[in-house]
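Enquirer: Pasting data-v6.cif here (mmCIF, C-alpha atoms):
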```
data_data
loop_
_atom_site.label_atom_id
_atom_site.label_comp_id
_atom_site.auth_asym_id
_atom_site.auth_seq_id
_atom_site.Cartn_x
_atom_site.Cartn_y
_atom_site.Cartn_z
CA MET J 238 39.62 -14.83 -9.69
CA ALA J 239 39.62 -15.17 -13.46
CA ASP J 240 37.61 -11.97 -13.97
CA PRO J 241 39.78 -9.71 -16.17
CA ASP J 242 38.21 -6.67 -14.49
CA ASP J 243 39.98 -7.56 -11.27
CA VAL J 244 43.53 -7.40 -12.64
CA ALA J 245 44.32 -3.85 -11.65
CA GLY J 246 41.68 -3.20 -9.00
CA PRO J 247 42.62 -4.82 -5.69
CA ALA J 248 46.36 -4.62 -6.40
CA VAL J 249 46.17 -0.84 -6.63
CA ALA J 250 43.81 -0.23 -3.75
CA GLY J 251 46.26 -1.07 -1.02
CA ASP J 252 49.16 1.30 -1.40
CA GLY J 253 47.31 4.40 -2.57
CA SER J 254 49.85 5.23 -5.27
CA ALA J 255 48.48 6.29 -8.63
CA ASP J 256 48.85 4.34 -11.85
CA PRO J 257 51.38 1.73 -10.67
CA VAL J 258 50.24 -0.71 -13.29
CA VAL J 259 51.07 1.55 -16.22
CA ARG J 260 54.31 2.93 -14.72
CA GLY J 261 57.33 2.45 -16.99
CA ARG J 262 55.35 1.62 -20.08
CA GLY J 263 53.50 4.90 -20.56
CA ARG J 264 49.89 5.69 -19.70
CA PRO J 265 47.47 3.71 -21.88
CA ARG J 266 44.47 5.45 -23.41
CA ALA J 267 41.59 5.85 -20.99
CA THR J 268 39.45 3.47 -23.00
CA ASP J 269 41.85 0.67 -22.10
CA ARG J 270 41.06 1.19 -18.43
CA THR J 271 37.27 1.23 -18.86
CA ASP J 272 36.82 -2.23 -17.36
CA ALA J 273 39.06 -1.43 -14.39
CA ILE J 274 37.30 1.88 -13.73
CA LEU J 275 33.80 0.41 -13.88
CA THR J 276 34.81 -2.57 -11.75
CA ALA J 277 36.39 -0.26 -9.17
CA ALA J 278 33.23 1.88 -9.10
CA GLY J 279 31.05 -1.19 -8.50
CA GLU J 280 33.34 -2.60 -5.84
CA LEU J 281 33.63 0.66 -3.92
CA PHE J 282 29.87 1.17 -4.13
CA ASP J 283 29.43 -2.25 -2.51
CA GLU J 284 32.08 -1.52 0.12
CA VAL J 285 31.25 2.02 1.24
CA GLY J 286 27.80 2.86 -0.16
CA TYR J 287 26.72 5.79 -2.28
CA ASP J 288 27.20 8.54 0.30
CA GLN J 289 30.85 7.69 0.89
CA LEU J 290 31.64 6.83 -2.73
CA LYS J 291 34.37 9.21 -4.00
CA VAL J 292 35.48 9.55 -7.62
CA GLN J 293 39.07 10.02 -6.43
CA ASP J 294 38.98 6.61 -4.70
CA ILE J 295 37.62 5.00 -7.86
CA ALA J 296 40.40 6.60 -9.91
CA ASP J 297 43.02 5.41 -7.38
CA ARG J 298 41.76 1.86 -7.36
CA ALA J 299 41.52 1.71 -11.16
CA GLY J 300 44.96 3.28 -11.50
CA VAL J 301 43.93 6.26 -13.63
CA GLY J 302 44.09 10.01 -13.17
CA LEU J 303 41.05 11.91 -11.94
CA ALA J 304 41.00 14.09 -15.08
CA THR J 305 40.94 11.02 -17.30
CA LEU J 306 37.99 9.67 -15.43
CA TYR J 307 36.02 12.94 -15.40
CA ARG J 308 36.57 13.40 -19.14
CA ARG J 309 34.60 10.27 -19.76
CA TRP J 310 32.07 10.40 -16.87
CA PRO J 311 31.33 13.98 -15.90
CA THR J 312 29.56 12.99 -12.66
CA LYS J 313 29.74 10.30 -9.99
CA GLN J 314 26.17 9.33 -10.87
CA ALA J 315 26.99 8.79 -14.55
CA LEU J 316 29.95 6.61 -13.64
CA LEU J 317 28.01 4.57 -11.09
CA ALA J 318 25.13 4.16 -13.52
CA GLU J 319 27.37 2.67 -16.17
CA ALA J 320 29.12 0.46 -13.62
CA LEU J 321 25.84 -0.96 -12.32
CA ARG J 322 24.37 -1.31 -15.79
CA ARG J 323 27.41 -3.20 -17.04
CA ARG J 324 27.50 -5.43 -13.98
CA ASN J 325 23.81 -6.25 -14.28
CA ALA J 326 24.13 -6.93 -18.00
CA ALA J 327 27.03 -9.31 -17.32
CA PHE J 328 25.01 -11.10 -14.64
CA ASP J 329 22.02 -11.19 -16.97
CA ARG J 330 24.03 -12.84 -19.77
CA ARG J 331 25.31 -15.52 -17.41
CA LEU J 332 21.80 -16.55 -16.37
CA GLU J 333 20.90 -19.79 -18.02
CA GLY J 334 18.33 -22.49 -17.59
CA ASP J 335 14.60 -22.74 -17.52
CA PRO J 336 12.57 -19.78 -16.24
CA ARG J 337 12.25 -21.28 -12.76
CA GLN J 338 16.04 -21.68 -12.45
CA VAL J 339 16.70 -18.18 -13.76
CA LEU J 340 14.19 -16.66 -11.39
CA GLN J 341 15.74 -18.53 -8.48
CA SER J 342 19.15 -17.05 -9.41
CA VAL J 343 17.75 -13.54 -9.78
CA TYR J 344 15.92 -13.84 -6.46
CA ALA J 345 19.10 -15.02 -4.73
CA LEU J 346 21.02 -12.07 -6.18
CA VAL J 347 18.40 -9.57 -5.06
CA ALA J 348 18.14 -11.09 -1.58
CA GLY J 349 21.93 -11.07 -1.22
CA ALA J 350 22.23 -7.48 -2.37
CA THR J 351 19.56 -6.13 -0.05
CA MET J 352 19.34 -8.33 3.04
CA GLY J 353 23.07 -8.98 3.40
CA PRO J 354 25.79 -6.52 4.42
CA ARG J 355 25.33 -4.61 1.16
CA GLY J 356 21.79 -3.80 2.26
CA GLU J 357 23.23 -1.40 4.83
CA PHE J 358 23.63 1.19 2.11
CA LEU J 359 20.09 0.95 0.84
CA PRO J 360 18.51 3.70 2.97
CA GLY J 361 21.26 6.19 2.08
CA LEU J 362 20.88 5.40 -1.59
CA LEU J 363 17.10 5.67 -1.50
CA THR J 364 17.32 8.98 0.31
CA ALA J 365 19.91 10.31 -2.15
CA ILE J 366 17.71 9.60 -5.17
CA ARG J 367 14.99 11.84 -3.73
CA ALA J 368 17.28 14.86 -4.03
CA ASP J 369 19.22 13.72 -7.07
CA ALA J 370 17.21 13.17 -10.25
CA GLU J 371 20.32 12.13 -12.18
CA LEU J 372 21.08 9.36 -9.68
CA ALA J 373 17.43 8.25 -9.66
CA GLU J 374 17.46 8.00 -13.46
CA ALA J 375 20.79 6.17 -13.36
CA LEU J 376 19.42 3.58 -10.94
CA ARG J 377 16.21 3.21 -12.86
CA VAL J 378 17.98 2.64 -16.17
CA GLY J 379 20.89 0.65 -14.75
CA VAL J 380 19.23 -1.49 -12.10
CA ILE J 381 15.48 -1.31 -11.54
CA ASP J 382 14.19 -1.46 -15.13
CA PRO J 383 16.53 -4.28 -16.25
CA LEU J 384 15.62 -6.25 -13.12
CA ARG J 385 11.90 -5.78 -13.73
CA THR J 386 12.27 -6.69 -17.41
CA ARG J 387 14.24 -9.87 -16.74
CA ILE J 388 11.86 -11.06 -14.02
CA ARG J 389 8.84 -10.24 -16.19
CA VAL J 390 10.21 -12.13 -19.21
CA GLU J 391 10.84 -15.25 -17.12
CA LEU J 392 7.50 -15.03 -15.32
CA GLU J 393 5.68 -14.69 -18.64
CA GLU J 394 7.37 -17.82 -19.86
CA LEU J 395 6.57 -19.66 -16.62
CA LEU J 396 3.00 -18.47 -15.98
CA GLY J 397 1.91 -17.20 -19.39
CA PRO J 398 1.89 -13.60 -20.63
CA ASP J 399 -1.68 -12.95 -19.52
CA HIS J 400 -1.37 -14.02 -15.91
CA PRO J 401 -3.59 -11.53 -14.02
CA GLN J 402 -1.13 -11.07 -11.12
CA LEU J 403 1.96 -10.62 -13.26
CA GLY J 404 2.54 -6.98 -12.26
CA LEU J 405 2.45 -7.82 -8.57
CA LEU J 406 4.62 -10.91 -9.00
CA VAL J 407 7.30 -8.94 -10.89
CA ASP J 408 7.94 -6.83 -7.79
CA LEU J 409 7.30 -9.59 -5.22
CA VAL J 410 10.85 -10.56 -4.31
CA PRO J 411 12.57 -7.18 -4.74
CA GLY J 412 9.71 -5.67 -2.73
CA VAL J 413 9.84 -8.10 0.18
CA CYS J 414 13.65 -7.91 0.24
CA VAL J 415 13.74 -4.10 0.34
CA TYR J 416 10.97 -4.03 2.94
CA ARG J 417 12.74 -6.50 5.21
CA ALA J 418 16.04 -4.68 4.77
CA LEU J 419 14.53 -1.31 5.65
CA ALA J 420 11.66 -1.84 8.06
CA PRO J 421 12.56 -2.29 11.71
CA GLY J 422 11.84 -5.77 13.05
CA GLU J 423 12.38 -9.28 11.69
CA THR J 424 14.67 -9.49 8.68
CA GLY J 425 14.34 -13.21 8.15
CA ASP J 426 16.59 -15.55 6.24
CA PRO J 427 17.32 -14.62 2.57
CA GLU J 428 17.55 -18.30 1.54
CA GLN J 429 14.20 -19.04 3.11
CA LEU J 430 12.72 -16.08 1.25
CA VAL J 431 14.05 -17.34 -2.09
CA ALA J 432 12.75 -20.84 -1.36
CA GLU J 433 9.29 -19.52 -0.48
CA ALA J 434 9.19 -17.36 -3.62
CA VAL J 435 10.05 -20.32 -5.85
CA GLY J 436 7.55 -22.47 -3.95
CA LEU J 437 4.89 -19.86 -4.59
CA LEU J 438 5.67 -19.87 -8.30
CA ASP J 439 5.42 -23.68 -8.37
CA ARG J 440 2.04 -23.42 -6.74
CA LEU J 441 0.91 -20.82 -9.28
CA VAL J 442 2.18 -22.91 -12.19
CA SER J 443 -0.08 -25.70 -10.99
CA THR J 444 -3.11 -23.37 -11.17
CA THR J 445 -2.38 -21.53 -14.43
CA THR J 446 -3.48 -24.51 -16.48
CA ARG J 447 -6.94 -24.07 -15.04
CA PRO J 448 -9.39 -21.88 -16.97
CA MET D 32 -16.26 14.88 11.13
CA ALA D 33 -17.75 13.05 14.11
CA ASP D 34 -14.34 11.96 15.43
CA PRO D 35 -14.10 13.33 18.98
CA ASP D 36 -10.33 13.60 18.53
CA ASP D 37 -10.85 16.36 16.00
CA VAL D 38 -12.76 18.73 18.27
CA ALA D 39 -9.81 20.78 19.41
CA GLY D 40 -7.27 19.97 16.74
CA PRO D 41 -7.96 21.92 13.57
CA ALA D 42 -9.65 24.77 15.43
CA VAL D 43 -6.50 25.47 17.40
CA ALA D 44 -4.00 24.98 14.63
CA GLY D 45 -4.97 28.08 12.72
CA ASP D 46 -4.39 30.98 15.09
CA GLY D 47 -1.36 29.67 16.94
CA SER D 48 -2.69 30.65 20.38
CA ALA D 49 -2.28 28.13 23.18
CA ASP D 50 -5.12 26.39 24.97
CA PRO D 51 -8.07 28.39 23.60
CA VAL D 52 -10.42 25.53 24.29
CA VAL D 53 -9.79 25.50 28.01
CA ARG D 54 -9.57 29.30 28.43
CA GLY D 55 -11.87 30.65 31.14
CA ARG D 56 -12.51 27.33 32.82
CA GLY D 57 -9.01 26.45 33.97
CA ARG D 58 -6.54 24.07 32.42
CA PRO D 59 -7.79 20.47 32.57
CA ARG D 60 -5.45 17.70 33.55
CA ALA D 61 -3.15 16.62 30.73
CA THR D 62 -4.80 13.23 30.57
CA ASP D 63 -7.96 14.89 29.30
CA ARG D 64 -6.11 16.09 26.24
CA THR D 65 -4.50 12.74 25.45
CA ASP D 66 -6.74 12.10 22.48
CA ALA D 67 -6.18 15.57 21.05
CA ILE D 68 -2.41 15.33 21.50
CA LEU D 69 -2.12 11.91 19.89
CA THR D 70 -4.43 12.89 17.05
CA ALA D 71 -2.42 16.07 16.45
CA ALA D 72 0.81 14.05 16.43
CA GLY D 73 -0.59 11.61 13.86
CA GLU D 74 -2.02 14.38 11.67
CA LEU D 75 1.18 16.41 11.68
CA PHE D 76 3.24 13.30 10.94
CA ASP D 77 1.06 12.70 7.87
CA GLU D 78 1.29 16.34 6.83
CA VAL D 79 4.96 17.16 7.26
CA GLY D 80 6.79 13.85 7.79
CA TYR D 81 9.09 12.79 10.58
CA ASP D 82 11.98 15.14 9.82
CA GLN D 83 9.82 18.26 10.04
CA LEU D 84 7.64 17.03 12.92
CA LYS D 85 8.01 19.40 15.88
CA VAL D 86 6.71 18.77 19.38
CA GLN D 87 5.85 22.48 19.69
CA ASP D 88 3.55 22.23 16.65
CA ILE D 89 1.84 19.17 18.13
CA ALA D 90 1.33 21.04 21.40
CA ASP D 91 -0.06 24.05 19.53
CA ARG D 92 -2.50 22.00 17.50
CA ALA D 93 -3.67 20.02 20.52
CA GLY D 94 -4.01 23.20 22.59
CA VAL D 95 -1.67 22.18 25.41
CA GLY D 96 1.53 23.59 26.80
CA LEU D 97 4.86 22.16 25.75
CA ALA D 98 5.77 21.28 29.35
CA THR D 99 2.55 19.32 29.77
CA LEU D 100 3.33 17.31 26.69
CA TYR D 101 6.95 16.62 27.61
CA ARG D 102 5.95 15.49 31.11
CA ARG D 103 4.03 12.63 29.58
CA TRP D 104 6.14 11.87 26.48
CA PRO D 105 9.79 12.73 27.09
CA THR D 106 10.72 12.44 23.39
CA LYS D 107 9.19 13.05 19.98
CA GLN D 108 9.72 9.37 19.20
CA ALA D 109 7.77 8.22 22.28
CA LEU D 110 4.90 10.53 21.39
CA LEU D 111 4.82 9.49 17.75
CA ALA D 112 5.03 5.82 18.71
CA GLU D 113 1.97 6.07 20.91
CA ALA D 114 0.10 8.11 18.29
CA LEU D 115 0.77 5.53 15.57
CA ARG D 116 0.07 2.59 17.86
CA ARG D 117 -3.23 4.07 18.94
CA ARG D 118 -4.24 4.90 15.39
CA ASN D 119 -3.36 1.42 14.15
CA ALA D 120 -5.20 -0.19 17.05
CA ALA D 121 -8.28 1.88 16.26
CA PHE D 122 -8.08 0.88 12.61
CA ASP D 123 -7.53 -2.71 13.62
CA ARG D 124 -10.66 -2.78 15.79
CA ARG D 125 -12.77 -1.38 12.96
CA LEU D 126 -11.76 -4.17 10.59
CA GLU D 127 -14.60 -6.60 10.21
CA GLY D 128 -15.58 -9.35 7.87
CA ASP D 129 -14.09 -12.53 6.56
CA PRO D 130 -10.29 -12.79 6.24
CA ARG D 131 -10.39 -11.91 2.55
CA GLN D 132 -12.31 -8.69 3.25
CA VAL D 133 -10.06 -7.74 6.15
CA LEU D 134 -6.92 -8.33 4.10
CA GLN D 135 -8.33 -6.22 1.29
CA SER D 136 -8.90 -3.36 3.76
CA VAL D 137 -5.42 -3.70 5.26
CA TYR D 138 -3.85 -3.81 1.81
CA ALA D 139 -5.76 -0.68 0.76
CA LEU D 140 -4.57 1.11 3.91
CA VAL D 141 -0.95 0.13 3.33
CA ALA D 142 -1.07 1.09 -0.35
CA GLY D 143 -2.64 4.44 0.48
CA ALA D 144 -0.10 5.17 3.21
CA THR D 145 2.95 4.38 1.08
CA MET D 146 2.13 4.98 -2.59
CA GLY D 147 0.01 8.11 -2.08
CA PRO D 148 1.16 11.57 -0.99
CA ARG D 149 1.98 10.22 2.50
CA GLY D 150 4.60 7.98 0.89
CA GLU D 151 6.77 11.05 0.27
CA PHE D 152 7.91 10.86 3.89
CA LEU D 153 8.93 7.23 3.75
CA PRO D 154 12.60 7.67 2.75
CA GLY D 155 13.19 10.28 5.44
CA LEU D 156 11.60 8.06 8.04
CA LEU D 157 13.53 4.98 6.97
CA THR D 158 16.78 6.93 7.03
CA ALA D 159 15.98 8.37 10.47
CA ILE D 160 15.46 4.93 12.02
CA ARG D 161 19.02 3.94 11.03
CA ALA D 162 20.44 6.59 13.35
CA ASP D 163 17.67 6.51 15.94
CA ALA D 164 17.15 3.22 17.73
CA GLU D 165 14.29 4.65 19.79
CA LEU D 166 12.39 5.65 16.68
CA ALA D 167 13.09 2.27 15.07
CA GLU D 168 11.71 0.49 18.12
CA ALA D 169 8.72 2.81 18.17
CA LEU D 170 7.89 2.04 14.56
CA ARG D 171 8.45 -1.66 15.05
CA VAL D 172 6.16 -1.86 18.08
CA GLY D 173 3.64 0.70 16.84
CA VAL D 174 3.37 -0.10 13.14
CA ILE D 175 5.38 -2.96 11.64
CA ASP D 176 4.74 -5.72 14.17
CA PRO D 177 0.98 -5.07 14.53
CA LEU D 178 0.66 -4.96 10.74
CA ARG D 179 2.55 -8.25 10.35
CA THR D 180 0.51 -9.86 13.12
CA ARG D 181 -2.84 -8.81 11.71
CA ILE D 182 -1.97 -9.91 8.17
CA ARG D 183 -0.59 -13.21 9.46
CA VAL D 184 -3.71 -13.97 11.52
CA GLU D 185 -5.98 -13.37 8.54
CA LEU D 186 -3.76 -15.30 6.12
CA GLU D 187 -3.65 -18.26 8.52
CA GLU D 188 -7.42 -18.27 8.61
CA LEU D 189 -7.63 -18.00 4.81
CA LEU D 190 -4.84 -20.38 3.76
CA GLY D 191 -4.29 -22.49 6.86
CA PRO D 192 -1.63 -22.05 9.54
CA ASP D 193 0.85 -24.39 7.84
CA HIS D 194 0.91 -22.76 4.43
CA PRO D 195 4.54 -23.04 3.30
CA GLN D 196 4.71 -19.53 1.83
CA LEU D 197 3.06 -17.78 4.75
CA GLY D 198 6.16 -15.80 5.75
CA LEU D 199 6.61 -14.41 2.27
CA LEU D 200 2.91 -13.64 1.87
CA VAL D 201 2.81 -11.71 5.16
CA ASP D 202 5.21 -9.14 3.72
CA LEU D 203 3.95 -9.29 0.12
CA VAL D 204 1.81 -6.16 -0.03
CA PRO D 205 3.78 -3.96 2.41
CA GLY D 206 6.92 -5.02 0.55
CA VAL D 207 5.70 -4.27 -2.95
CA CYS D 208 4.15 -0.98 -1.76
CA VAL D 209 7.35 0.22 -0.07
CA TYR D 210 9.45 -0.89 -3.04
CA ARG D 211 7.25 0.95 -5.55
CA ALA D 212 7.18 4.04 -3.36
CA LEU D 213 10.97 4.12 -2.98
CA ALA D 214 12.52 2.63 -6.11
CA PRO D 215 12.84 4.94 -9.11
CA GLY D 216 10.63 3.97 -12.03
CA GLU D 217 7.04 2.81 -12.33
CA THR D 218 4.92 3.31 -9.23
CA GLY D 219 1.77 1.73 -10.60
CA ASP D 220 -1.77 2.09 -9.39
CA PRO D 221 -2.43 1.31 -5.70
CA GLU D 222 -5.93 -0.02 -6.44
CA GLN D 223 -4.58 -2.33 -9.11
CA LEU D 224 -1.99 -3.61 -6.64
CA VAL D 225 -4.66 -4.38 -4.03
CA ALA D 226 -6.80 -6.13 -6.65
CA GLU D 227 -3.89 -8.27 -7.80
CA ALA D 228 -2.96 -9.18 -4.23
CA VAL D 229 -6.51 -10.31 -3.46
CA GLY D 230 -6.63 -12.14 -6.79
CA LEU D 231 -3.44 -13.95 -5.86
CA LEU D 232 -4.93 -15.00 -2.52
CA ASP D 233 -8.04 -16.32 -4.28
CA ARG D 234 -5.80 -18.35 -6.55
CA LEU D 235 -3.90 -19.73 -3.55
CA VAL D 236 -7.09 -20.59 -1.70
CA SER D 237 -8.06 -22.72 -4.67
CA THR D 238 -4.82 -24.69 -4.33
CA THR D 239 -4.56 -25.05 -0.55
CA THR D 240 -7.16 -27.79 -0.51
CA ARG D 241 -4.76 -29.93 -2.52
CA PRO D 242 -2.40 -32.23 -0.67
#
```
If you convert what's in this file into structure tokens, what do you get?
Expert:
Amino acid sequence: MADPDDVAGPAVAGDGSADPVVRGRGRPRATDRTDAILTAAGELFDEVGYDQLKVQDIADRAGVGLATLYRRWPTKQALLAEALRRRNAAFDRRLEGDPRQVLQSVYALVAGATMGPRGEFLPGLLTAIRADAELAEALRVGVIDPLRTRIRVELEELLGPDHPQLGLLVDLVPGVCVYRALAPGETGDPEQLVAEAVGLLDRLVSTTTRP
Amino acid sequence: MADPDDVAGPAVAGDGSADPVVRGRGRPRATDRTDAILTAAGELFDEVGYDQLKVQDIADRAGVGLATLYRRWPTKQALLAEALRRRNAAFDRRLEGDPRQVLQSVYALVAGATMGPRGEFLPGLLTAIRADAELAEALRVGVIDPLRTRIRVELEELLGPDHPQLGLLVDLVPGVCVYRALAPGETGDPEQLVAEAVGLLDRLVSTTTRP
């Protein structure tokens, strides 16, 4: 509710008219609308998925002209990349606590994003990146690499930097989440998955002090 | 080389003529060609992926008529399901040894099937199952469920049936493999992944004797 990014977004989405927020006081410079544009891109990505994501809809929701938006982000991929990168960075900054707490929060985020309703868009996105190197790079830089880095940093603090299964453990929760979201059959409960992952880490912590 | 399923397969695939093996001695009943048909279906699936898999090509490679094949398997999905189920069952029967050895073999199979060249077809397949409930069911029954069951049985023997992270561990290696095959960024080395997974199990075995 208090997120400043939300000021223009939802209010504009409903009526479809362009730029109602700036009407009567002149169009502000595009840079002023950066937050609204990136928030709208992230929201629409969550709501409709990558295939159905349209730059025009993002412009409408953010209350800016299409030309303004394209001047700054020449492609849909570039815009989405920055939106996801900014959102992840904001989430990352908010994470506080000991490594176990942080990992639990990251795991919950990943499970929610893949095994919940948002996970519906995963196959379309993963198919699109096969044919779209720019999108693949955007996702790698904006989502996958930061996620891997944050998990690795916390795991190194929790288990030590030389833990022999660190590489596998970095991808454990994202991997199981994506697999359960995509593979036909049991999906399981995201909260149970997070609890088991943290329980596994606790078990490993108790063995890392051994030689 | 000594696999009886291969007798007719590759020899027929090259020249495109139908039924050369049975020429001059009458067409045998379709049931006689079951092995060749299912082997051809599995081979072609590995070679071209689900999207490009054509029943006519399977019939050609197995040296049977298209009508014969459709009489027994009314859809491509039904045929592929039986081919994958039979192949998995054959692999399953060959697995011998203690649970740790069996899991290592299963992990190596999964890593090879997803992170190697065969993994290229994974996104197409995972997208296809979203729009094709019959294919999804076929993959669940033929591949995912048997894989989960076999891994679970071995893990229960290794770690005990009440291990609190059993559900997570069942999907650990398939999950990380699928994630690395699909997500943009580092893929990593399949052999290293298998080694880390077995190392993790060894570490857990050493803790399961604790209360």
Enquirer: May I have a table of the residues of chain D lying at most 8 Å from chain J, giving each one's closest pair of atoms and their distance in Å to one decimal, counting all atoms listed in the file, ordered by chain and ascending residue number, as a tab-separated table?
Expert:
```
residue	atom	partner	partner_atom	distance
D:Pro154	CA	J:Thr364	CA	5.5
D:Gly155	CA	J:Thr364	CA	6.7
D:Leu157	CA	J:Leu419	CA	6.5
D:Thr158	CA	J:Pro360	CA	5.5
D:Ile160	CA	J:Pro421	CA	7.8
D:Ala167	CA	J:Pro421	CA	5.7
D:Glu168	CA	J:Pro421	CA	7.0
D:Leu170	CA	J:Pro421	CA	7.0
D:Arg171	CA	J:Pro421	CA	5.3
D:Ile175	CA	J:Gly422	CA	7.2
D:Asp176	CA	J:Gly422	CA	7.2
D:Pro195	CA	J:Glu433	CA	7.0
D:Gln196	CA	J:Glu433	CA	5.1
D:Gly198	CA	J:Glu433	CA	7.9
D:Leu199	CA	J:Glu433	CA	6.4
D:Asp202	CA	J:Val413	CA	5.9
D:Leu203	CA	J:Val413	CA	6.0
D:Pro205	CA	J:Tyr416	CA	7.2
D:Gly206	CA	J:Val413	CA	4.3
D:Val207	CA	J:Gly412	CA	4.3
D:Cys208	CA	J:Gly412	CA	7.3
D:Val209	CA	J:Tyr416	CA	6.3
D:Tyr210	CA	J:Gly412	CA	4.8
D:Arg211	CA	J:Gly412	CA	7.6
D:Leu213	CA	J:Leu363	CA	6.5
D:Ala214	CA	J:Leu363	CA	7.2
D:Pro215	CA	J:Arg377	CA	5.3
D:Gly216	CA	J:Arg377	CA	5.7
D:Leu224	CA	J:Leu405	CA	6.4
D:Glu227	CA	J:Gln402	CA	5.1
D:Ala228	CA	J:Leu405	CA	7.1
D:Gly230	CA	J:Gln402	CA	7.1
D:Leu231	CA	J:Gln402	CA	6.4
D:Arg234	CA	J:Thr444	CA	7.3
D:Leu235	CA	J:Leu441	CA	7.6
D:Thr238	CA	J:Thr444	CA	7.2
```
Enquirer: Interatomic distance between CA of Arg183 in chain D and CA of Glu127 in chain D?
Expert: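 Separating CA of Arg183 in chain D from CA of Glu127 in chain D is a distance of 15.5 Å.
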Enquirer: For the PyMOL selection byres ((chain J and resi 307-315) around 10), applied here, can you spell out every residue it catches as a list in words?
Expert: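 So the PyMOL selection byres ((chain J and resi 307-315) around 10) ends up selecting Ala267, Thr268, Thr271, Ala278, Tyr287, Leu290, Lys291, Val292, Gln293, Ile295, Ala296, Gly302, Leu303, Ala304, Thr305, Leu306, Leu316, Leu317, Ala318, Glu319, Ala320, Asp369, Ala370, Glu371, Leu372, Ala373, Glu374, Ala375 and Leu376 of chain J.
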Enquirer: Let me make sure I understand: among D:Glu188, D:Glu222, D:Asp88, D:Asp66, which one has the smallest atom-to-atom distance to Ala142 in chain D if we use all atoms listed in the file?
Expert: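 Once distances to Ala142 in chain D are computed over all atoms listed in the file, the minimum belongs to D:Glu222.
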Enquirer: Under the rule that all atoms listed in the file are counted, which of J:Leu384, J:Met352, J:Val442, J:Gly379 is the nearest residue to Gly397 in chain J?
Expert: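 Looking only at the distances to Gly397 in chain J, the closest residue turns out to be J:Val442.
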Enquirer: How far is it from CA of Ala273 in chain J to CA of Ala299 in chain J, in Å with one decimal?
Expert: 5.1 Å
Enquirer: Between J:Phe358, J:Arg331, J:Val301, J:Thr424, which one has atoms that come closest to Gln289 in chain J, using all atoms listed in the file?
Expert: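 Answer, going by the shortest atom-to-atom distance: J:Phe358.
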Enquirer: Extending 6 Å beyond the listed atoms of range 197-203 of chain D on each side, what axis-aligned box results? I want centre and edge lengths in Å to one decimal, as lines of an AutoDock Vina configuration file.
Expert:
```
center_x = 4.7
center_y = -13.5
center_z = 2.9
size_x = 15.8
size_y = 20.6
size_z = 17.6
```
Enquirer: Separation of CA of Gly279 in chain J and CA of Leu332 in chain J, in Å?
Expert: 19.6 Å
